[in-house]
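File shown: entry22.cif. Contents: mmCIF, C-alpha atoms and all ligand atoms.
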```cif
data_input
loop_
_atom_site.label_atom_id
_atom_site.label_comp_id
_atom_site.auth_asym_id
_atom_site.auth_seq_id
_atom_site.Cartn_x
_atom_site.Cartn_y
_atom_site.Cartn_z
CA MET A 46 40.36 76.63 67.93
CA ASN A 47 39.38 80.21 68.74
CA ASP A 48 39.14 82.92 66.06
CA ASP A 49 42.28 84.69 67.21
CA ILE A 50 44.43 81.58 66.75
CA PHE A 51 42.73 80.70 63.49
CA GLU A 52 43.51 84.17 62.11
CA LYS A 53 47.18 83.87 63.04
CA TYR A 54 47.45 80.50 61.28
CA ARG A 55 45.65 81.92 58.27
CA ASP A 56 47.67 85.17 58.10
CA ALA A 57 50.94 83.23 58.41
CA GLY A 58 49.75 80.96 55.58
CA VAL A 59 48.72 83.78 53.26
CA LEU A 60 52.06 85.51 53.78
CA ALA A 61 54.13 82.35 53.30
CA ALA A 62 52.26 81.51 50.09
CA LYS A 63 52.73 85.01 48.67
CA ILE A 64 56.46 85.18 49.40
CA LEU A 65 57.19 81.64 48.21
CA ARG A 66 55.28 82.10 44.96
CA SER A 67 56.88 85.42 44.00
CA SER A 68 60.40 84.35 44.99
CA ALA A 69 60.22 81.01 43.20
CA GLN A 70 59.24 82.74 39.97
CA GLY A 71 62.40 84.86 40.11
CA ILE A 72 64.92 81.99 40.16
CA ARG A 73 67.29 82.01 37.18
CA ILE A 74 70.42 80.06 36.19
CA GLY A 75 73.42 81.89 37.66
CA ALA A 76 71.49 83.44 40.56
CA SER A 77 73.11 83.10 43.98
CA TYR A 78 71.63 80.74 46.59
CA LEU A 79 72.64 83.12 49.35
CA ASP A 80 70.92 86.12 47.75
CA LEU A 81 67.70 84.17 47.24
CA VAL A 82 67.63 82.75 50.76
CA GLU A 83 68.38 86.09 52.38
CA SER A 84 65.85 87.95 50.26
CA ILE A 85 63.06 85.55 51.27
CA GLU A 86 64.00 85.68 54.94
CA VAL A 87 64.10 89.49 54.88
CA GLN A 88 60.67 89.67 53.22
CA VAL A 89 59.13 87.63 56.04
CA LYS A 90 60.51 90.01 58.66
CA GLU A 91 59.58 93.13 56.68
CA GLU A 92 55.98 91.91 56.69
CA GLY A 93 56.06 91.84 60.49
CA ALA A 94 56.13 88.04 60.78
CA ALA A 95 58.96 85.70 61.85
CA LEU A 96 60.56 82.58 60.45
CA ALA A 97 59.47 79.22 61.81
CA PHE A 98 62.79 77.85 60.48
CA PRO A 99 65.55 79.02 58.12
CA LEU A 100 64.52 78.97 54.47
CA ASN A 101 65.42 75.45 53.33
CA LEU A 102 66.98 75.36 49.88
CA SER A 103 67.85 71.78 48.94
CA LEU A 104 69.15 70.79 45.51
CA ASN A 105 68.77 67.69 43.35
CA GLU A 106 69.29 64.52 45.46
CA ASP A 107 69.13 66.61 48.65
CA ALA A 108 65.55 66.46 49.92
CA ALA A 109 65.60 68.73 52.95
CA HIS A 110 67.50 70.67 55.61
CA ASP A 111 70.01 72.48 53.43
CA THR A 112 70.24 76.25 53.43
CA ALA A 113 72.86 78.78 52.39
CA SER A 114 76.01 78.71 54.53
CA PRO A 115 77.73 81.94 55.62
CA GLY A 116 79.29 83.45 52.47
CA ASP A 117 77.84 80.65 50.29
CA VAL A 118 79.16 81.05 46.71
CA ARG A 119 76.90 78.45 45.06
CA VAL A 120 74.67 79.51 42.17
CA PHE A 121 71.74 77.90 40.36
CA THR A 122 72.88 75.66 37.52
CA LYS A 123 71.17 74.29 34.42
CA GLY A 124 69.39 71.05 35.33
CA ASP A 125 68.92 71.90 39.00
CA VAL A 126 65.85 70.67 40.85
CA ALA A 127 65.57 73.14 43.75
CA LYS A 128 63.26 72.65 46.73
CA LEU A 129 62.26 75.81 48.64
CA ASP A 130 60.67 75.09 52.01
CA LEU A 131 59.43 78.16 53.90
CA GLY A 132 58.11 78.35 57.46
CA VAL A 133 56.45 81.55 58.64
CA GLN A 134 55.12 82.07 62.17
CA ILE A 135 52.96 84.74 63.73
CA ASP A 136 53.05 84.63 67.53
CA GLY A 137 54.25 81.03 67.23
CA TYR A 138 51.45 79.85 64.88
CA ILE A 139 53.17 78.24 61.93
CA ALA A 140 52.60 78.00 58.19
CA ASP A 141 54.87 75.46 56.48
CA THR A 142 54.90 75.36 52.67
CA ALA A 143 57.25 74.18 49.96
CA THR A 144 57.59 74.14 46.20
CA THR A 145 60.11 72.88 43.64
CA ILE A 146 61.78 74.80 40.81
CA ASP A 147 62.91 72.89 37.74
CA LEU A 148 65.88 74.32 35.83
CA GLY A 149 66.04 71.18 33.71
CA ARG A 150 63.43 68.95 32.10
CA ASN A 151 61.75 67.36 35.08
CA SER A 152 58.19 68.57 34.81
CA LEU A 153 56.74 65.08 35.37
CA LEU A 154 58.75 64.68 38.58
CA LEU A 155 57.39 68.00 39.84
CA GLU A 156 53.88 67.05 38.76
CA ALA A 157 54.17 63.86 40.83
CA SER A 158 54.70 65.59 44.20
CA GLU A 159 52.26 68.38 43.34
CA GLN A 160 49.44 66.02 42.35
CA ALA A 161 50.22 63.83 45.36
CA LEU A 162 49.76 66.83 47.63
CA ASP A 163 46.47 67.75 45.94
CA ALA A 164 45.20 64.18 46.23
CA ALA A 165 46.09 63.99 49.92
CA ILE A 166 44.38 67.31 50.68
CA LYS A 167 41.18 65.97 49.09
CA VAL A 168 41.22 63.01 51.50
CA VAL A 169 41.48 65.16 54.66
CA ARG A 170 38.36 65.12 56.86
CA PRO A 171 37.51 63.99 60.39
CA GLY A 172 37.62 60.20 60.51
CA ALA A 173 40.14 59.75 57.69
CA THR A 174 43.47 58.29 58.81
CA ALA A 175 47.01 59.48 58.20
CA GLY A 176 47.47 56.20 56.34
CA ASP A 177 44.71 57.15 53.88
CA LEU A 178 46.66 60.31 53.01
CA GLY A 179 49.86 58.30 52.58
CA ALA A 180 48.11 55.91 50.20
CA ALA A 181 46.82 58.80 48.07
CA ILE A 182 50.33 60.28 47.93
CA GLN A 183 52.01 56.99 47.02
CA LYS A 184 49.52 56.29 44.23
CA GLU A 185 50.02 59.67 42.48
CA ILE A 186 53.81 59.40 42.65
CA GLU A 187 54.13 55.76 41.62
CA CYS A 188 51.71 56.05 38.70
CA ARG A 189 54.15 58.56 37.17
CA GLY A 190 57.08 56.18 37.55
CA TYR A 191 58.73 57.67 40.65
CA ARG A 192 59.09 56.66 44.29
CA PRO A 193 57.74 58.50 47.33
CA ILE A 194 60.34 59.09 50.05
CA SER A 195 59.14 56.76 52.77
CA ASN A 196 61.23 58.05 55.68
CA LEU A 197 60.14 61.69 55.40
CA THR A 198 56.69 62.65 56.65
CA GLY A 199 54.29 65.51 57.06
CA HIS A 200 53.82 66.59 60.66
CA GLY A 201 51.43 68.15 63.12
CA LEU A 202 51.99 71.78 64.14
CA ASP A 203 51.32 73.68 67.32
CA ARG A 204 52.36 76.99 68.85
CA TYR A 205 56.17 77.17 68.51
CA ILE A 206 56.14 73.43 67.78
CA LEU A 207 57.21 72.29 64.33
CA HIS A 208 56.88 68.53 64.71
CA ARG A 209 54.19 66.77 66.72
CA PRO A 210 51.56 64.12 66.00
CA PRO A 211 49.96 63.42 63.62
CA SER A 212 52.74 62.17 61.40
CA ILE A 213 51.55 62.10 57.77
CA PRO A 214 53.31 59.31 55.85
CA ASN A 215 54.20 59.55 52.17
CA VAL A 216 53.33 55.88 51.62
CA GLY A 217 50.20 53.85 52.32
CA ILE A 218 50.32 52.40 55.80
CA ASN A 219 47.58 50.67 57.74
CA GLY A 220 45.81 53.13 60.01
CA GLY A 221 47.86 55.86 61.57
CA VAL A 222 46.31 58.72 63.49
CA VAL A 223 42.57 59.27 62.96
CA LEU A 224 42.11 62.90 61.90
CA GLU A 225 39.95 65.20 64.02
CA GLU A 226 38.45 68.64 63.51
CA GLY A 227 40.87 71.39 64.59
CA MET A 228 44.07 69.45 63.91
CA VAL A 229 46.75 71.51 62.15
CA PHE A 230 49.38 69.74 60.08
CA ALA A 231 51.68 70.00 57.09
CA ILE A 232 51.45 67.49 54.24
CA GLU A 233 54.70 67.21 52.27
CA PRO A 234 55.07 64.55 49.58
CA PHE A 235 58.54 63.99 48.13
CA ALA A 236 58.90 62.24 44.75
CA THR A 237 62.28 60.83 43.76
CA THR A 238 64.10 59.14 40.88
CA GLY A 239 66.29 57.48 43.52
CA SER A 240 65.76 54.85 46.22
CA GLY A 241 62.83 56.43 48.07
CA HIS A 242 64.87 56.59 51.25
CA VAL A 243 66.99 59.50 52.57
CA GLY A 244 70.11 59.37 54.68
CA GLU A 245 72.15 62.05 56.45
CA LYS A 246 74.97 63.95 54.74
CA THR A 247 77.86 65.44 56.69
CA ARG A 248 76.75 68.94 55.74
CA LYS A 249 75.04 70.64 58.69
CA GLU A 250 73.56 74.14 58.52
CA ILE A 251 70.44 74.05 60.72
CA TYR A 252 70.15 73.62 64.50
CA SER A 253 67.64 74.07 67.31
CA GLN A 254 67.96 74.43 71.06
CA VAL A 255 66.51 71.44 72.91
CA SER A 256 67.76 71.98 76.48
CA GLN A 257 68.06 74.97 78.80
CA LYS A 258 70.86 73.48 80.87
CA PRO A 259 73.61 76.02 81.67
CA VAL A 260 76.81 76.08 79.63
CA ARG A 261 80.16 77.41 80.80
CA ILE A 262 82.11 78.21 77.60
CA PRO A 263 81.62 81.94 76.80
CA ALA A 264 81.39 81.35 73.02
CA ALA A 265 78.60 78.83 73.61
CA ARG A 266 76.78 81.23 75.92
CA THR A 267 76.95 83.93 73.24
CA ILE A 268 75.31 81.59 70.72
CA LEU A 269 72.54 80.53 73.09
CA ASN A 270 71.87 84.17 73.91
CA LYS A 271 71.46 84.92 70.21
CA VAL A 272 68.95 82.12 69.64
CA LYS A 273 66.85 82.40 72.79
CA ASP A 274 64.11 84.32 70.97
CA ARG A 275 63.62 81.26 68.72
CA HIS A 276 61.51 79.51 71.42
CA GLY A 277 63.22 76.27 70.42
CA LEU A 278 62.46 76.70 66.71
CA PRO A 279 65.34 75.98 64.28
CA PHE A 280 68.01 78.53 63.33
CA ALA A 281 70.76 78.66 60.71
CA ARG A 282 74.52 78.66 61.29
CA ARG A 283 74.48 81.58 58.82
CA TRP A 284 72.44 83.71 61.25
CA LEU A 285 75.07 83.65 63.98
CA ASN A 286 78.04 85.57 62.53
CA GLU A 287 80.40 84.24 65.25
CA LYS A 288 83.95 82.95 65.10
CA LYS A 289 84.75 79.27 65.75
CA LEU A 290 81.22 78.04 64.98
CA ASP A 291 82.80 74.86 63.61
CA ILE A 292 83.93 74.04 67.13
CA THR A 293 81.20 75.54 69.31
CA LEU A 294 78.14 74.23 67.48
CA PRO A 295 79.26 70.56 67.46
CA ALA A 296 80.22 70.90 71.15
CA LEU A 297 76.70 72.11 71.96
CA VAL A 298 75.27 69.19 69.97
CA ARG A 299 77.47 66.72 71.89
CA SER A 300 76.31 68.15 75.21
CA GLN A 301 72.70 67.78 73.97
CA VAL A 302 71.89 71.47 74.27
CA LEU A 303 71.42 71.77 70.50
CA HIS A 304 69.83 69.38 68.03
CA VAL A 305 71.34 69.35 64.53
CA TYR A 306 69.47 68.75 61.27
CA PRO A 307 71.94 67.26 58.77
CA VAL A 308 71.10 67.59 55.07
CA LEU A 309 68.90 64.61 54.09
CA SER A 310 69.63 63.05 50.70
CA ASP A 311 68.60 60.26 48.39
CA ILE A 312 71.33 58.45 46.40
CA PRO A 313 73.91 60.54 44.46
CA GLY A 314 72.69 61.56 41.02
CA SER A 315 69.00 61.19 41.88
CA LEU A 316 66.48 64.02 41.73
CA VAL A 317 63.88 64.82 44.38
CA SER A 318 60.81 67.07 44.13
CA GLN A 319 58.67 68.30 47.02
CA HIS A 320 55.40 70.18 47.49
CA GLU A 321 53.93 71.12 50.84
CA HIS A 322 50.89 72.83 52.32
CA THR A 323 49.61 73.42 55.85
CA VAL A 324 45.99 72.47 56.55
CA ILE A 325 43.47 72.89 59.36
CA VAL A 326 40.90 70.08 59.60
CA THR A 327 37.29 71.33 59.53
CA SER A 328 34.01 69.47 60.05
CA GLU A 329 33.70 68.73 56.32
CA GLY A 330 37.30 68.64 55.08
CA CYS A 331 40.08 71.14 55.55
CA ILE A 332 41.23 74.70 54.99
CA VAL A 333 44.58 75.04 53.24
CA THR A 334 46.28 78.01 54.93
CA THR A 335 49.20 78.26 52.49
CA ARG A 336 47.41 78.33 49.13
CO CO B 401 57.17 70.68 56.88
#
```
Spit out the file's structure as structure tokens when you get a sec.
Ligand code: CO
Amino acid sequence: MNDDIFEKYRDAGVLAAKILRSSAQGIRIGASYLDLVESIEVQVKEEGAALAFPLNLSLNEDAAHDTASPGDVRVFTKGDVAKLDLGVQIDGYIADTATTIDLGRNSLLLEASEQALDAAIKVVRPGATAGDLGAAIQKEIECRGYRPISNLTGHGLDRYILHRPPSIPNVGINGGVVLEEGMVFAIEPFATTGSGHVGEKTRKEIYSQVSQKPVRIPAARTILNKVKDRHGLPFARRWLNEKKLDITLPALVRSQVLHVYPVLSDIPGSLVSQHEHTVIVTSEGCIVTTR
């Protein structure tokens, strides 16, 4: 990796860490989801960077892929376990980081994903396998009496690419990708009081464009025009401010022009915590860009 690219990864990481930390500290019962999400997204742009994906704000049994909807009236409530997952990119080089806010009494649940992340980071070096990281994550979560979410993983990053190999499991598997110097990836353990497995909800707020094939419907063309500067990175329904999104977006998904990211949830009534950092593998270990 040349110095120019390294600096972009590092600057994106420093910025993401700063914004996530300060915004998370400000969350109070009664505060609006929409205000929080918009304030974080605006801060990223004001700093001259761009979003790698819409700010994910997922509550309680929801693990990932929720964000505020247009005109969202929801507010933070006593007992909430709120995951904030922020992706910042500079010239396409991505920093992906997440933290959890506890508005109840779930400090051990939060500790589980946080310590799991720390333990996995300590294992990273050339020659270690993705499975070694998963084993470290599983151990820290299970020893506190929770389950890791086995069907969510950390993921490799590249320019304008949010998900590529290596996949970093949250459970111990045999082998997996052998880590090499220069690899960039996000590690994101999820700890849950539920089943350890997420499924899709009907709620859908986040999309990405996966095909350039031409579309005829004018409303669909307007949407694709608005998201072309995303370079295929995800966008939020909330960003579009168009009429009839409830018809046009599903139509674009059916014609395989858009990919949709439904909210991913563990069983009703469960609680999920998440912590995430982006790392670059070095000759001796790794650099955490988002700390
Ligand atoms: Co991630």
Check your understanding: Within 12 Å of Pro214 in chain A, counting only C-alpha atoms, which residues qualify if same-chain residues fewer than 5 places away don't, as a PyMOL selection string?
Key -> chain A and resi 161-162+165+174-183+193-201+219-222+230-235
Edge lengths and centre in Å to one decimal, as lines of an AutoDock Vina configuration file, is what I'm after for the box along x, y and z that holds all listed atoms of range 317-335 of chain A once 6 Å is added on each side.
```
center_x = 48.8
center_y = 71.5
center_z = 52.1
size_x = 42.2
size_y = 25.4
size_z = 27.9
```
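Here the question is which of A:Arg248, A:His276, A:Lys128, A:Lys53 gets nearest to Ala94 in chain A using all atoms listed in the file, and that residue is A:Lys53.
For the residues A:Thr293, A:Ser300, A:Gln134, A:Asn105, ranking by smallest atom-to-atom distance to Arg55 in chain A using all atoms listed in the file places A:Gln134 first.
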Practice item. Considering all atoms listed in the file, return as a PyMOL selection string whatever protein or nucleic-acid residues lie within 9 Å of His110 in chain A, sequence-local ones (same chain, fewer than 2 positions apart) excluded. Key: chain A and resi 99-103+107-108+112+130+249-251+306-309
Review point. Excluding same-chain residues fewer than 2 positions from Leu155 in chain A, what lies within 10 Å of it counting all atoms listed in the file, as a PyMOL selection string?
Key: chain A and resi 126+144-147+150-153+157-161+186+235-237+317-320
Review point. Near Tyr138 in chain A, counting only C-alpha atoms, which residues have an atom at most 8 Å away, once you skip same-chain residues fewer than 5 positions from it, shown as a list of chain:residue names?
Key: A:Ile50, A:Lys53, A:Tyr54, A:Ala57, A:Asp203, A:Arg204, A:Tyr205
Exercise for review: Identify which of the residues A:Arg119, A:Arg275, A:Arg299, A:His322 lies closest to ligand CO 401 (chain B), counting all atoms listed in the file when measuring atom-to-atom distances.
Suggested key: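 Selected residue with least distance to ligand CO 401 (chain B): A:His322.
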Review point. When distances are computed from only C-alpha atoms, which of A:Leu65, A:Leu81, A:Val120, A:Ile72 shows the smallest separation from Asp141 in chain A?
Key: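 Distance minimum relative to Asp141 in chain A lands on A:Leu65.
Considering the residues A:Ser84, A:Thr142, A:Ser240, A:Ser67 and counting all atoms listed in the file, ligand CO 401 (chain B) has its shortest atom-to-atom contact with A:Thr142.
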Check your understanding: Using all atoms listed in the file, which residue out of A:Ile213, A:Ala61, A:Ala69, A:Val133 lies closest to Val82 in chain A?
Key ->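 Of A:Ile213, A:Ala61, A:Ala69, A:Val133, the one nearest Val82 in chain A is A:Ala69, counting all atoms listed in the file.
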Exercise for review: Pull the neighbourhood of (74.9, 62.3, 40.7) for me: all residues within 12 Å in file coordinates, counting all atoms listed in the file, as a ChimeraX atom specification.
Suggested key: /A:104-107,124-125,238-239,310-317
**Study point:** Atom pair CA of Ser68 in chain A / CA of Asn286 in chain A: separation (Å)
**Key:**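 Straight-line distance from CA of Ser68 in chain A to CA of Asn286 in chain A works out to 24.9 Å.
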Point to revise | Long-range neighbours of Gly132 in chain A as a list in words, 6 Å cut-off, only C-alpha atoms, 5 positions minimum in chain | key: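 Contacts, with the query itself left out: Leu96, Ala97, Phe98, Ala140 and Asp141 of chain A.
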Based on the selection just made, write C-alpha atoms of those residues as a PDB file, in the frame of the given file.
```pdb
ATOM      1  CA  LEU A  96      60.560  82.580  60.450  1.00  0.00           C
ATOM      2  CA  ALA A  97      59.470  79.220  61.810  1.00  0.00           C
ATOM      3  CA  PHE A  98      62.790  77.850  60.480  1.00  0.00           C
ATOM      4  CA  ALA A 140      52.600  78.000  58.190  1.00  0.00           C
ATOM      5  CA  ASP A 141      54.870  75.460  56.480  1.00  0.00           C
TER       6      ASP A 141
END
```
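The space separating CA of Val169 in chain A from CA of Leu60 in chain A comes to 23.0 Å.
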Exercise for review: Measure the distance from CA of Phe121 in chain A to CA of Arg189 in chain A in Å and round it to one decimal.
Suggested key: 26.3 Å
Since the input is missing atoms, can you rebuild all heavy atoms for range 138-149 of chain A and write them as an mmCIF file, in the coordinates of the input?
```cif
data_model
loop_
_atom_site.group_PDB
_atom_site.id
_atom_site.type_symbol
_atom_site.label_atom_id
_atom_site.label_comp_id
_atom_site.auth_asym_id
_atom_site.auth_seq_id
_atom_site.Cartn_x
_atom_site.Cartn_y
_atom_site.Cartn_z
ATOM 1 N N TYR A 138 52.360 80.670 65.708
ATOM 2 C CA TYR A 138 51.450 79.850 64.880
ATOM 3 C C TYR A 138 52.042 79.743 63.467
ATOM 4 O O TYR A 138 52.276 80.757 62.814
ATOM 5 C CB TYR A 138 50.036 80.418 64.892
ATOM 6 C CG TYR A 138 49.474 80.401 66.299
ATOM 7 C CD1 TYR A 138 49.472 81.550 67.083
ATOM 8 C CD2 TYR A 138 49.035 79.203 66.857
ATOM 9 C CE1 TYR A 138 49.006 81.517 68.389
ATOM 10 C CE2 TYR A 138 48.572 79.164 68.170
ATOM 11 C CZ TYR A 138 48.560 80.321 68.933
ATOM 12 O OH TYR A 138 48.122 80.272 70.226
ATOM 13 N N ILE A 139 52.262 78.506 63.043
ATOM 14 C CA ILE A 139 53.170 78.240 61.930
ATOM 15 C C ILE A 139 52.439 77.894 60.637
ATOM 16 O O ILE A 139 51.452 77.151 60.642
ATOM 17 C CB ILE A 139 54.104 77.063 62.309
ATOM 18 C CG1 ILE A 139 54.979 77.457 63.507
ATOM 19 C CG2 ILE A 139 54.960 76.626 61.123
ATOM 20 C CD1 ILE A 139 55.717 76.282 64.149
ATOM 21 N N ALA A 140 52.973 78.436 59.535
ATOM 22 C CA ALA A 140 52.600 78.000 58.190
ATOM 23 C C ALA A 140 53.847 77.404 57.552
ATOM 24 O O ALA A 140 54.897 78.038 57.547
ATOM 25 C CB ALA A 140 52.103 79.175 57.367
ATOM 26 N N ASP A 141 53.733 76.189 57.041
ATOM 27 C CA ASP A 141 54.870 75.460 56.480
ATOM 28 C C ASP A 141 54.493 75.096 55.039
ATOM 29 O O ASP A 141 53.487 74.410 54.826
ATOM 30 C CB ASP A 141 55.097 74.210 57.346
ATOM 31 C CG ASP A 141 56.368 73.450 57.011
ATOM 32 O OD1 ASP A 141 57.050 73.821 56.038
ATOM 33 O OD2 ASP A 141 56.654 72.475 57.727
ATOM 34 N N THR A 142 55.263 75.596 54.068
ATOM 35 C CA THR A 142 54.900 75.360 52.670
ATOM 36 C C THR A 142 56.151 75.239 51.812
ATOM 37 O O THR A 142 57.159 75.890 52.097
ATOM 38 C CB THR A 142 53.969 76.468 52.143
ATOM 39 O OG1 THR A 142 53.590 76.171 50.789
ATOM 40 C CG2 THR A 142 54.624 77.849 52.182
ATOM 41 N N ALA A 143 56.079 74.400 50.806
ATOM 42 C CA ALA A 143 57.250 74.180 49.960
ATOM 43 C C ALA A 143 56.850 74.009 48.499
ATOM 44 O O ALA A 143 55.730 73.576 48.195
ATOM 45 C CB ALA A 143 58.005 72.934 50.423
ATOM 46 N N THR A 144 57.793 74.368 47.623
ATOM 47 C CA THR A 144 57.590 74.140 46.200
ATOM 48 C C THR A 144 58.931 73.764 45.576
ATOM 49 O O THR A 144 59.983 73.880 46.216
ATOM 50 C CB THR A 144 56.984 75.375 45.509
ATOM 51 O OG1 THR A 144 56.547 75.007 44.197
ATOM 52 C CG2 THR A 144 57.988 76.523 45.398
ATOM 53 N N THR A 145 58.896 73.298 44.342
ATOM 54 C CA THR A 145 60.110 72.880 43.640
ATOM 55 C C THR A 145 60.241 73.659 42.347
ATOM 56 O O THR A 145 59.245 73.870 41.649
ATOM 57 C CB THR A 145 60.073 71.366 43.359
ATOM 58 O OG1 THR A 145 59.918 70.678 44.587
ATOM 59 C CG2 THR A 145 61.350 70.897 42.678
ATOM 60 N N ILE A 146 61.468 74.087 42.055
ATOM 61 C CA ILE A 146 61.780 74.800 40.810
ATOM 62 C C ILE A 146 62.610 73.865 39.945
ATOM 63 O O ILE A 146 63.569 73.251 40.412
ATOM 64 C CB ILE A 146 62.610 76.066 41.110
ATOM 65 C CG1 ILE A 146 61.880 76.954 42.100
ATOM 66 C CG2 ILE A 146 62.935 76.830 39.833
ATOM 67 C CD1 ILE A 146 60.505 77.359 41.684
ATOM 68 N N ASP A 147 62.228 73.783 38.679
ATOM 69 C CA ASP A 147 62.910 72.890 37.740
ATOM 70 C C ASP A 147 63.709 73.724 36.739
ATOM 71 O O ASP A 147 63.127 74.449 35.933
ATOM 72 C CB ASP A 147 61.859 72.051 37.020
ATOM 73 C CG ASP A 147 62.442 71.189 35.924
ATOM 74 O OD1 ASP A 147 63.628 70.799 36.032
ATOM 75 O OD2 ASP A 147 61.711 70.909 34.955
ATOM 76 N N LEU A 148 65.035 73.620 36.813
ATOM 77 C CA LEU A 148 65.880 74.320 35.830
ATOM 78 C C LEU A 148 66.378 73.331 34.780
ATOM 79 O O LEU A 148 67.351 73.596 34.069
ATOM 80 C CB LEU A 148 67.043 75.020 36.540
ATOM 81 C CG LEU A 148 66.636 76.128 37.520
ATOM 82 C CD1 LEU A 148 67.843 76.717 38.241
ATOM 83 C CD2 LEU A 148 65.862 77.243 36.815
ATOM 84 N N GLY A 149 65.721 72.175 34.732
ATOM 85 C CA GLY A 149 66.040 71.180 33.710
ATOM 86 C C GLY A 149 64.770 70.760 33.010
ATOM 87 O O GLY A 149 63.931 71.605 32.690
#
```
